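Coordinates from query.cif are shown below (mmCIF, C-alpha atoms).
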data_protein
loop_
_atom_site.label_atom_id
_atom_site.label_comp_id
_atom_site.auth_asym_id
_atom_site.auth_seq_id
_atom_site.Cartn_x
_atom_site.Cartn_y
_atom_site.Cartn_z
CA MET A 1 -187.46 183.70 39.82
CA ASN A 2 -190.19 186.16 38.96
CA ARG A 3 -190.68 188.39 41.99
CA ASP A 4 -194.29 189.20 40.83
CA LEU A 5 -195.44 185.63 41.46
CA ARG A 6 -197.53 185.19 44.59
CA VAL A 7 -196.23 182.71 47.13
CA LEU A 8 -199.01 180.36 48.32
CA SER A 9 -199.11 178.03 51.22
CA VAL A 10 -200.04 174.41 50.71
CA SER A 11 -203.43 175.03 52.30
CA GLN A 12 -204.06 178.07 50.08
CA LEU A 13 -203.21 176.06 46.99
CA SER A 14 -205.47 173.23 48.08
CA GLN A 15 -208.32 175.66 48.77
CA TYR A 16 -207.79 177.34 45.39
CA ILE A 17 -207.90 174.03 43.54
CA LYS A 18 -210.96 172.98 45.59
CA GLY A 19 -212.78 176.21 44.73
CA TRP A 20 -211.87 175.86 41.07
CA MET A 21 -213.16 172.27 40.98
CA ASP A 22 -216.32 173.15 42.91
CA ARG A 23 -217.18 175.78 40.32
CA ASP A 24 -216.74 173.37 37.42
CA GLU A 25 -220.19 172.27 36.21
CA LEU A 26 -218.93 168.93 34.88
CA LEU A 27 -217.22 168.00 38.13
CA SER A 28 -220.14 169.14 40.30
CA GLY A 29 -222.35 166.35 39.00
CA VAL A 30 -220.72 163.31 37.44
CA LEU A 31 -221.57 159.65 36.87
CA ILE A 32 -218.57 157.34 37.11
CA ARG A 33 -218.44 153.66 36.27
CA GLY A 34 -215.92 151.47 38.08
CA GLU A 35 -215.15 148.50 40.27
CA ILE A 36 -215.33 148.86 44.05
CA SER A 37 -212.21 148.03 46.05
CA ASN A 38 -210.96 148.72 49.59
CA TYR A 39 -214.54 149.16 50.74
CA LYS A 40 -214.88 150.14 54.43
CA MET A 41 -217.69 151.41 56.60
CA TYR A 42 -216.71 153.27 59.76
CA PRO A 43 -218.64 153.51 63.04
CA SER A 44 -219.54 157.05 62.10
CA GLY A 45 -221.67 155.66 59.29
CA HIS A 46 -219.46 157.07 56.52
CA HIS A 47 -218.44 154.75 53.68
CA TYR A 48 -214.97 154.89 52.10
CA PHE A 49 -213.94 153.00 48.98
CA THR A 50 -212.03 153.20 45.73
CA LEU A 51 -213.40 153.06 42.19
CA LYS A 52 -210.97 151.62 39.69
CA ASP A 53 -210.67 150.41 36.13
CA ALA A 54 -207.76 148.90 34.20
CA GLN A 55 -205.72 152.13 34.19
CA SER A 56 -206.78 154.36 37.10
CA ALA A 57 -208.23 154.54 40.59
CA LEU A 58 -210.39 157.17 42.28
CA ARG A 59 -210.87 157.63 46.01
CA CYS A 60 -214.49 157.98 47.09
CA VAL A 61 -216.44 158.81 50.21
CA MET A 62 -220.17 158.56 50.91
CA PHE A 63 -221.37 160.31 54.04
CA ARG A 64 -223.81 158.73 56.44
CA GLY A 65 -226.77 160.82 55.32
CA ASP A 66 -226.45 159.49 51.76
CA ALA A 67 -225.38 155.97 52.78
CA VAL A 68 -228.53 155.25 54.81
CA ARG A 69 -230.60 155.54 51.64
CA MET A 70 -228.75 152.67 49.97
CA ARG A 71 -230.85 149.51 49.69
CA PHE A 72 -227.98 147.13 48.92
CA ARG A 73 -224.63 146.39 50.55
CA PRO A 74 -221.61 147.41 48.44
CA GLU A 75 -218.91 144.74 48.16
CA ASN A 76 -215.40 144.63 46.76
CA GLY A 77 -215.33 143.63 43.11
CA MET A 78 -218.84 144.94 42.40
CA GLN A 79 -219.32 146.99 39.25
CA VAL A 80 -221.24 150.15 40.06
CA ILE A 81 -222.15 153.59 38.75
CA ALA A 82 -221.46 156.31 41.30
CA ALA A 83 -223.07 159.73 41.23
CA GLY A 84 -221.58 162.74 43.00
CA ARG A 85 -219.10 165.59 42.72
CA ILE A 86 -215.35 165.73 42.36
CA THR A 87 -213.45 168.00 44.71
CA VAL A 88 -210.28 168.19 46.77
CA PHE A 89 -209.98 167.19 50.37
CA PRO A 90 -207.71 170.03 51.58
CA ARG A 91 -206.05 168.08 54.37
CA ASP A 92 -204.59 165.48 52.00
CA GLY A 93 -204.47 167.60 48.88
CA GLN A 94 -206.04 164.74 46.90
CA TYR A 95 -209.12 164.90 44.77
CA GLN A 96 -211.88 162.40 45.42
CA LEU A 97 -215.49 161.68 44.62
CA TYR A 98 -218.08 162.72 47.16
CA CYS A 99 -220.64 160.05 46.29
CA VAL A 100 -224.33 160.71 46.88
CA GLN A 101 -225.77 157.69 45.09
CA LEU A 102 -224.46 154.24 44.21
CA THR A 103 -226.17 151.93 41.73
CA PRO A 104 -225.06 148.39 40.84
CA GLU A 105 -224.45 148.11 37.14
CA GLY A 106 -226.60 145.56 35.34
CA ALA A 107 -229.22 145.28 38.10
CA GLY A 108 -231.34 147.65 40.11
CA ASP A 109 -230.16 148.49 43.59
CA LEU A 110 -233.43 147.29 45.12
CA GLN A 111 -233.24 143.92 43.38
CA LEU A 112 -229.63 143.50 44.47
CA ALA A 113 -230.51 144.48 48.03
CA PHE A 114 -233.35 141.93 47.97
CA GLU A 115 -231.04 139.13 46.85
CA GLN A 116 -228.35 140.04 49.37
CA LEU A 117 -230.73 140.11 52.32
CA LYS A 118 -232.44 136.93 51.14
CA GLU A 119 -229.11 135.11 51.01
CA LYS A 120 -228.06 136.43 54.43
CA LEU A 121 -231.29 135.47 56.22
CA SER A 122 -231.37 132.09 54.49
CA ARG A 123 -227.90 131.31 55.82
CA GLU A 124 -229.07 132.24 59.32
CA GLY A 125 -232.00 129.81 59.04
CA LEU A 126 -234.86 132.32 59.13
CA PHE A 127 -236.55 130.56 56.20
CA ASP A 128 -236.28 127.01 57.57
CA GLN A 129 -239.50 125.00 57.67
CA THR A 130 -238.66 123.80 61.18
CA HIS A 131 -239.42 127.31 62.48
CA LYS A 132 -242.85 127.52 60.83
CA LYS A 133 -245.68 127.54 63.37
CA PRO A 134 -249.07 125.95 62.61
CA LEU A 135 -252.03 128.29 62.28
CA PRO A 136 -254.90 127.98 64.77
CA ARG A 137 -257.88 126.14 63.23
CA PHE A 138 -260.44 128.47 64.77
CA PRO A 139 -258.67 131.73 65.76
CA LYS A 140 -260.44 133.76 68.44
CA ARG A 141 -258.69 137.06 67.66
CA ILE A 142 -256.73 138.16 64.60
CA ALA A 143 -254.47 141.22 64.35
CA LEU A 144 -254.28 143.00 61.00
CA VAL A 145 -250.95 144.85 60.90
CA THR A 146 -251.50 147.05 57.87
CA SER A 147 -252.65 150.48 56.76
CA SER A 148 -256.04 151.39 58.16
CA ALA A 149 -256.85 153.47 55.07
CA GLY A 150 -256.08 150.98 52.31
CA ALA A 151 -258.42 148.76 50.34
CA ALA A 152 -256.59 145.71 51.63
CA VAL A 153 -257.81 146.10 55.21
CA ARG A 154 -261.40 146.60 54.05
CA ASP A 155 -261.24 143.45 51.92
CA MET A 156 -259.83 141.41 54.80
CA LEU A 157 -262.44 142.69 57.26
CA ARG A 158 -265.24 141.91 54.83
CA ILE A 159 -264.02 138.37 54.12
CA LEU A 160 -263.29 137.56 57.76
CA LYS A 161 -266.75 138.68 58.81
CA ALA A 162 -268.44 136.72 56.02
CA ARG A 163 -266.47 133.52 56.55
CA TRP A 164 -266.20 133.36 60.34
CA PRO A 165 -267.93 136.20 62.24
CA GLN A 166 -267.06 134.59 65.59
CA THR A 167 -263.47 135.83 65.24
CA GLU A 168 -262.67 139.20 66.76
CA VAL A 169 -260.47 141.34 64.51
CA LEU A 170 -257.99 143.90 65.84
CA VAL A 171 -256.63 146.42 63.32
CA VAL A 172 -253.15 147.67 64.23
CA PRO A 173 -252.66 150.66 61.90
CA VAL A 174 -249.17 151.21 60.49
CA ARG A 175 -247.64 152.88 57.49
CA VAL A 176 -246.87 150.34 54.79
CA GLN A 177 -244.83 152.64 52.54
CA GLY A 178 -242.09 155.17 53.16
CA GLU A 179 -238.88 155.43 55.15
CA GLU A 180 -240.37 154.72 58.59
CA ALA A 181 -242.87 152.06 57.48
CA ALA A 182 -240.62 149.07 58.19
CA GLU A 183 -239.94 150.17 61.78
CA GLU A 184 -243.66 150.71 62.39
CA ILE A 185 -244.58 147.27 61.04
CA ALA A 186 -241.91 145.56 63.17
CA ALA A 187 -242.94 147.51 66.26
CA ALA A 188 -246.61 146.58 65.73
CA ILE A 189 -245.77 142.87 65.47
CA ASP A 190 -243.69 143.09 68.66
CA TYR A 191 -246.51 144.98 70.38
CA VAL A 192 -249.11 142.32 69.59
CA ASN A 193 -246.73 139.62 70.84
CA TYR A 194 -245.71 141.47 73.99
CA TYR A 195 -249.30 141.85 75.20
CA GLY A 196 -250.54 138.59 73.72
CA LEU A 197 -253.42 140.37 72.05
CA THR A 198 -254.29 137.74 69.44
CA ASP A 199 -253.57 134.18 68.35
CA LEU A 200 -252.90 135.07 64.70
CA ILE A 201 -251.30 138.00 62.85
CA ILE A 202 -251.83 139.03 59.24
CA THR A 203 -249.46 141.65 57.90
CA GLY A 204 -249.32 143.04 54.40
CA ARG A 205 -250.73 145.53 51.94
CA GLY A 206 -252.13 145.78 48.44
CA GLY A 207 -250.13 145.66 45.24
CA GLY A 208 -247.62 148.19 43.96
CA SER A 209 -244.14 148.62 42.59
CA ILE A 210 -241.09 147.15 44.26
CA GLU A 211 -240.49 150.54 45.84
CA ASP A 212 -244.03 150.58 47.24
CA LEU A 213 -243.62 147.11 48.75
CA TRP A 214 -240.10 147.66 50.00
CA ALA A 215 -241.00 148.00 53.68
CA PHE A 216 -241.72 144.26 53.69
CA ASN A 217 -238.22 143.60 52.30
CA GLU A 218 -236.51 145.30 55.24
CA GLU A 219 -234.47 143.21 57.67
CA VAL A 220 -236.18 144.73 60.71
CA VAL A 221 -239.57 143.39 59.54
CA ALA A 222 -238.13 139.96 58.73
CA ARG A 223 -236.63 139.59 62.18
CA ALA A 224 -239.82 140.77 63.89
CA VAL A 225 -241.81 138.13 62.00
CA TYR A 226 -239.22 135.47 62.84
CA ARG A 227 -239.23 136.15 66.59
CA SER A 228 -243.03 136.35 66.77
CA ASP A 229 -244.51 133.71 69.08
CA ILE A 230 -247.85 134.27 67.35
CA PRO A 231 -248.20 132.69 63.87
CA VAL A 232 -247.87 135.25 61.07
CA ILE A 233 -249.44 135.24 57.60
CA SER A 234 -247.67 137.44 55.06
CA ALA A 235 -250.03 139.01 52.52
CA VAL A 236 -248.08 141.50 50.42
CA GLY A 237 -249.16 142.65 46.97
CA HIS A 238 -250.43 140.26 44.34
CA GLU A 239 -249.53 136.68 43.38
CA PRO A 240 -246.33 137.56 41.41
CA ASP A 241 -245.03 139.82 44.20
CA VAL A 242 -242.56 138.08 46.53
CA THR A 243 -241.00 139.77 49.55
CA ILE A 244 -238.56 138.79 52.28
CA CYS A 245 -241.50 138.82 54.70
CA ASP A 246 -243.12 136.02 52.64
CA PHE A 247 -240.10 133.75 53.15
CA VAL A 248 -239.95 134.30 56.93
CA ALA A 249 -243.69 134.15 57.68
CA ASP A 250 -245.36 130.96 58.82
CA LEU A 251 -247.62 131.12 55.76
CA ARG A 252 -247.58 133.20 52.58
CA ALA A 253 -250.84 134.34 51.03
CA ALA A 254 -251.10 135.43 47.41
CA THR A 255 -253.11 138.55 48.33
CA PRO A 256 -254.58 140.12 51.48
CA SER A 257 -257.96 138.68 50.52
CA ASN A 258 -256.41 135.24 50.21
CA ALA A 259 -254.83 135.71 53.65
CA ALA A 260 -258.28 136.27 55.16
CA GLU A 261 -259.52 133.10 53.46
CA LEU A 262 -256.59 131.09 54.82
CA ALA A 263 -256.90 132.52 58.33
CA VAL A 264 -260.42 131.32 59.15
CA PRO A 265 -262.68 128.49 58.02
CA ASP A 266 -265.73 129.15 55.88
CA ARG A 267 -268.81 128.97 58.07
CA GLU A 268 -271.02 127.82 55.18
CA GLU A 269 -268.60 125.05 54.23
CA LEU A 270 -268.31 123.97 57.85
CA VAL A 271 -272.10 123.88 58.25
CA GLY A 272 -272.32 121.82 55.06
CA SER A 273 -269.62 119.45 56.31
CA LEU A 274 -271.41 119.04 59.64
CA ALA A 275 -274.67 118.31 57.83
CA HIS A 276 -272.92 115.71 55.69
CA LEU A 277 -271.38 114.09 58.77
CA GLU A 278 -274.77 114.13 60.47
CA ARG A 279 -276.31 112.28 57.52
CA ARG A 280 -273.48 109.75 57.54
CA LEU A 281 -273.94 109.26 61.27
CA GLU A 282 -277.65 108.73 60.82
CA ARG A 283 -277.09 106.18 58.06
CA GLY A 284 -274.43 104.49 60.13
CA MET A 285 -276.82 104.19 63.07
CA GLU A 286 -279.83 103.07 61.02
CA GLN A 287 -278.19 99.84 59.88
CA PRO A 288 -277.33 98.41 63.33
CA VAL A 289 -280.66 99.62 64.73
CA SER A 290 -282.53 97.88 61.89
CA ALA A 291 -280.49 94.73 62.42
CA ALA A 292 -281.23 94.84 66.14
CA ARG A 293 -284.96 95.31 65.46
CA ALA A 294 -285.02 92.33 63.07
CA LYS A 295 -283.22 90.20 65.64
CA LEU A 296 -285.67 91.30 68.31
CA GLU A 297 -288.56 90.41 66.02
CA ARG A 298 -287.09 86.96 65.45
CA PHE A 299 -286.82 86.49 69.19
CA ARG A 300 -290.38 87.66 69.66
CA GLN A 301 -291.66 85.14 67.13
CA SER A 302 -289.53 82.27 68.41
CA ARG A 303 -291.23 79.34 70.19
CA VAL A 304 -289.09 79.70 73.25
CA LEU A 305 -290.81 83.01 74.00
CA ALA A 306 -294.24 82.08 72.61
CA ASP A 307 -294.46 78.68 74.44
CA PRO A 308 -291.66 78.38 76.96
CA ALA A 309 -293.26 75.29 78.65
CA GLY A 310 -293.46 73.41 75.37
CA TYR A 311 -289.90 74.40 74.53
CA VAL A 312 -288.69 73.11 77.89
CA GLY A 313 -290.70 69.90 77.42
CA GLU A 314 -289.09 69.24 74.07
CA ARG A 315 -285.68 69.84 75.58
CA ARG A 316 -286.48 67.38 78.36
CA MET A 317 -287.54 64.73 75.83
CA LEU A 318 -284.31 65.33 73.94
CA LEU A 319 -282.40 64.99 77.19
CA ASP A 320 -284.12 61.64 77.95
CA TYR A 321 -283.34 60.42 74.47
CA GLN A 322 -279.72 61.37 74.78
CA SER A 323 -279.56 59.75 78.23
CA ARG A 324 -280.92 56.45 76.85
CA ARG A 325 -278.45 56.57 73.99
CA LEU A 326 -275.64 57.21 76.40
CA LEU A 327 -276.72 54.34 78.72
CA HIS A 328 -277.13 51.92 75.84
CA GLY A 329 -273.74 52.89 74.51
CA LEU A 330 -272.14 52.35 77.91
CA GLU A 331 -273.79 48.92 78.32
CA ARG A 332 -272.67 47.80 74.89
CA SER A 333 -269.17 49.05 75.49
CA LEU A 334 -269.03 47.27 78.87
CA ALA A 335 -270.17 43.97 77.32
CA GLU A 336 -267.57 44.24 74.61
CA GLU A 337 -264.86 44.92 77.19
CA LYS A 338 -265.97 41.89 79.24
CA VAL A 339 -265.66 39.65 76.22
CA ARG A 340 -262.24 41.06 75.39
CA PHE A 341 -261.17 40.60 79.01
CA GLY A 342 -262.24 36.95 78.92
CA ARG A 343 -260.20 36.32 75.78
CA MET A 344 -257.13 37.98 77.23
CA ALA A 345 -257.50 36.07 80.53
CA ALA A 346 -257.74 32.74 78.68
CA ALA A 347 -254.69 33.57 76.60
CA LEU A 348 -252.79 34.58 79.71
CA ASP A 349 -253.83 31.42 81.53
CA ALA A 350 -252.64 29.31 78.62
CA LEU A 351 -249.23 30.92 78.87
CA SER A 352 -249.01 30.71 82.68
CA PRO A 353 -246.10 28.60 84.11
CA LEU A 354 -248.51 27.21 86.70
CA LYS A 355 -250.40 25.56 83.88
CA VAL A 356 -247.21 23.75 82.90
CA LEU A 357 -246.55 22.73 86.51
CA GLY A 358 -250.03 21.20 86.64
CA ARG A 359 -248.97 18.73 84.00
CA GLY A 360 -246.09 17.35 86.19
CA TYR A 361 -243.32 19.74 85.26
CA ALA A 362 -241.11 21.61 87.80
CA ILE A 363 -239.09 24.85 87.74
CA ALA A 364 -235.57 24.78 89.16
CA ARG A 365 -234.04 27.94 90.61
CA ASN A 366 -230.81 28.60 92.45
CA GLU A 367 -230.50 30.36 95.78
CA ASP A 368 -230.88 33.87 94.29
CA GLY A 369 -234.06 32.89 92.40
CA THR A 370 -232.52 32.57 88.94
CA VAL A 371 -234.31 29.97 86.80
CA LEU A 372 -231.92 27.16 85.86
CA THR A 373 -231.84 26.10 82.25
CA ALA A 374 -228.45 24.33 82.02
CA PRO A 375 -226.35 22.10 84.36
CA GLU A 376 -223.45 24.54 84.14
CA GLN A 377 -225.42 27.09 86.22
CA VAL A 378 -224.96 25.07 89.44
CA GLN A 379 -222.19 23.28 91.25
CA VAL A 380 -222.24 19.86 92.86
CA GLY A 381 -223.43 20.18 96.43
CA GLN A 382 -225.27 23.46 95.75
CA ALA A 383 -228.85 23.76 97.01
CA VAL A 384 -231.56 24.09 94.36
CA ASP A 385 -235.24 25.04 94.78
CA LEU A 386 -237.76 23.05 92.74
CA ARG A 387 -241.17 24.69 92.26
CA LEU A 388 -243.99 22.16 91.84
CA ARG A 389 -247.70 22.72 91.21
CA ASP A 390 -248.65 22.51 94.89
CA GLY A 391 -245.40 23.60 96.58
CA SER A 392 -241.63 23.43 96.30
CA LEU A 393 -238.65 21.21 97.25
CA VAL A 394 -235.19 22.17 98.38
CA CYS A 395 -232.70 19.72 96.84
CA ARG A 396 -228.93 19.42 96.76
CA VAL A 397 -227.06 18.63 93.55
CA GLU A 398 -225.12 15.41 93.73
CA GLU A 399 -224.17 15.09 90.09
CA ARG A 400 -224.33 17.18 86.89
CA LYS A 401 -225.18 15.51 83.58
CA CYS A 402 -224.54 17.44 80.43
CA PRO A 403 -225.94 16.36 77.04
#

For the file at hand, write its structure as structure tokens.
Amino acid sequence: MNRDLRVLSVSQLSQYIKGWMDRDELLSGVLIRGEISNYKMYPSGHHYFTLKDAQSALRCVMFRGDAVRMRFRPENGMQVIAAGRITVFPRDGQYQLYCVQLTPEGAGDLQLAFEQLKEKLSREGLFDQTHKKPLPRFPKRIALVTSSAGAAVRDMLRILKARWPQTEVLVVPVRVQGEEAAEEIAAAIDYVNYYGLTDLIITGRGGGSIEDLWAFNEEVVARAVYRSDIPVISAVGHEPDVTICDFVADLRAATPSNAAELAVPDREELVGSLAHLERRLERGMEQPVSAARAKLERFRQSRVLADPAGYVGERRMLLDYQSRRLLHGLERSLAEEKVRFGRMAAALDALSPLKVLGRGYAIARNEDGTVLTAPEQVQVGQAVDLRLRDGSLVCRVEERKCP
């Protein structure tokens, strides 16, 4: 062994290699493409993961200060491009990537973050129509949660005043762009709800890039809109711009100006509608009134009102006539019934047994009153009653003769 060689401790060697790597310009700023695996986020806020390809793997760490700037959520299996520096962690003696920025390959990190949050909130039901609250038809007070210095707030104030000046407008100024904008917007929505300041909220801003509008894609804003007891209109950007806030809100407006139009009715249109209804009501009332007047005129010209005595006299004459007709009809009907009764009485008399008895015939009956028609109905010695025209005889049978 060469006695001139310097003996190093493990820590000294690790520090030497670390210093050598830290001084290397290539390793101090690299972009590495790979697939994420073993991804973990610790309570400290630091992110640990491995980048790998078909042949190799690289340990990576992203500290909390850099991780909080990520818009999307890294997942195992995701292809990314990591930016950072390569150095040695002296405790383990292993080199690793200290990542300062992570970008999904094939899509922007903001777009990926948008899709991930959209999918998450959709699964939780924040976009369901059952949670949408109806807007008040005639809001008394409206809160504008937006920047007080932008053109959007001026447009909304102008339109609200022109369309429905009866509504009181409360401007709740917030930042709509930057790192703390989302927290301010959410806090303002909670503030209006907590104190019950208005019965409608409009939140939004004018157009811009996805970065400019990003505050309305933050989860904290989405959840504030969802838990709002006051209906919320989302008015972010222009028609093509869609944010997470739009999906959660009770109503999405294409622009801030459109939100103002949707929030209140148009006074001129309402006045016109009322005038139209008034005309319809007048026409609807004219017809029955005219009909009633015509009917009244007919009554006024009728004889019963012009000459009530003559009218009553005519009715009396008609009553006498009807009485005579009724009496005549009754008399004729009674005469016809008398004739019919006579015919029926004559027919009945002709069929009467008494008529037969008057010609010398008799009716024989046994003791129980049964009419005798044959000798076999009685026995010799049995008493028989004979009914004659003017009375009856009680006889006793001495002999039966059969034909």

Exercise. From the list A:Val172, A:Leu348, A:Ala215, A:Leu102, which residue is nearest Ala67 in chain A when using all atoms listed in the file?
Worked result: A:Leu102

Exercise. How would you write, as a PyMOL selection string, the residues chosen by the PyMOL selection byres ((chain A and resi 68) around 12) on this structure?
Worked result: chain A and resi 41+44-47+62-67+69-73+100-102+179

Generate the output file for the selected residues, C-alpha atoms, as a CSV table (one decimal), in the frame of the given file.
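And here's out-v2.csv as it stands now:
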chain,number,residue,atom,x,y,z
A,41,MET,CA,-217.7,151.4,56.6
A,44,SER,CA,-219.5,157.0,62.1
A,45,GLY,CA,-221.7,155.7,59.3
A,46,HIS,CA,-219.5,157.1,56.5
A,47,HIS,CA,-218.4,154.8,53.7
A,62,MET,CA,-220.2,158.6,50.9
A,63,PHE,CA,-221.4,160.3,54.0
A,64,ARG,CA,-223.8,158.7,56.4
A,65,GLY,CA,-226.8,160.8,55.3
A,66,ASP,CA,-226.4,159.5,51.8
A,67,ALA,CA,-225.4,156.0,52.8
A,69,ARG,CA,-230.6,155.5,51.6
A,70,MET,CA,-228.8,152.7,50.0
A,71,ARG,CA,-230.8,149.5,49.7
A,72,PHE,CA,-228.0,147.1,48.9
A,73,ARG,CA,-224.6,146.4,50.6
A,100,VAL,CA,-224.3,160.7,46.9
A,101,GLN,CA,-225.8,157.7,45.1
A,102,LEU,CA,-224.5,154.2,44.2
A,179,GLU,CA,-238.9,155.4,55.2

For this session: Expand the PyMOL selection byres ((chain A and resi 237-243) around 10) into the individual residues it matches in the shown file, reporting them as number ranges by chain.
Result: A: 114, 118, 152, 204-210, 212-218, 222, 234-236, 244-248, 252-258

Exercise. Pick the closest to Arg91 in chain A from A:Glu124, A:Pro43, A:Leu13, A:Pro134: which is it, counting all atoms listed in the file?
Worked result: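 So, comparing all the options, the nearest one is A:Leu13.
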
How would you write, as a PDB file with C-alpha atoms, in the coordinates of the input, the residues chosen by the PyMOL selection byres ((chain A and resi 34-40) around 7) on this structure?
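The file below, part07.pdb, is the result:
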ATOM      1  CA  ILE A  32    -218.570 157.340  37.110  1.00  0.00           C
ATOM      2  CA  ARG A  33    -218.440 153.660  36.270  1.00  0.00           C
ATOM      3  CA  MET A  41    -217.690 151.410  56.600  1.00  0.00           C
ATOM      4  CA  TYR A  42    -216.710 153.270  59.760  1.00  0.00           C
ATOM      5  CA  HIS A  47    -218.440 154.750  53.680  1.00  0.00           C
ATOM      6  CA  TYR A  48    -214.970 154.890  52.100  1.00  0.00           C
ATOM      7  CA  PHE A  49    -213.940 153.000  48.980  1.00  0.00           C
ATOM      8  CA  THR A  50    -212.030 153.200  45.730  1.00  0.00           C
ATOM      9  CA  LEU A  51    -213.400 153.060  42.190  1.00  0.00           C
ATOM     10  CA  LYS A  52    -210.970 151.620  39.690  1.00  0.00           C
ATOM     11  CA  ASP A  53    -210.670 150.410  36.130  1.00  0.00           C
ATOM     12  CA  GLU A  75    -218.910 144.740  48.160  1.00  0.00           C
ATOM     13  CA  ASN A  76    -215.400 144.630  46.760  1.00  0.00           C
ATOM     14  CA  GLY A  77    -215.330 143.630  43.110  1.00  0.00           C
ATOM     15  CA  MET A  78    -218.840 144.940  42.400  1.00  0.00           C
ATOM     16  CA  GLN A  79    -219.320 146.990  39.250  1.00  0.00           C
ATOM     17  CA  VAL A  80    -221.240 150.150  40.060  1.00  0.00           C
ATOM     18  CA  ILE A  81    -222.150 153.590  38.750  1.00  0.00           C
TER      19      ILE A  81
END

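Relative to CA of Leu58 in chain A, CA of Ala82 in chain A is found at 11.1 Å.
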
For this session: Go through A:Arg23, A:Arg324, A:Arg387, A:Arg365 and flag the residue nearest Ile86 in chain A, using all atoms listed in the file for the distances.
Result: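 Nearest to Ile86 in chain A: A:Arg23.
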
Exercise. In terms of the shortest atom-to-atom distance over all atoms listed in the file, which of A:Ile17, A:Leu197, A:Leu277, A:Leu160 is closest to Ala263 in chain A?
Worked result: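 That would be A:Leu160, the residue with the smallest distance to Ala263 in chain A.
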
Problem set entry | Given only C-alpha atoms as the counted atoms, nearest of A:Thr198, A:Ala149, A:Leu386, A:Gly93 to Gln12 in chain A |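 The answer is A:Gly93, which sits nearest to Gln12 in chain A.
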
Exercise. Nearest to Glu25 in chain A among A:Lys132, A:Lys120, A:Arg85, A:Lys401, with distances taken over all atoms listed in the file: which residue is it?
Worked result: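 With all atoms listed in the file as the atom set, the closest residue is A:Arg85.
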
For this session: Quick one: pull the distance between CA of Ser56 in chain A and CA of Leu31 in chain A, Å, one decimal.
Result: 15.7 Å
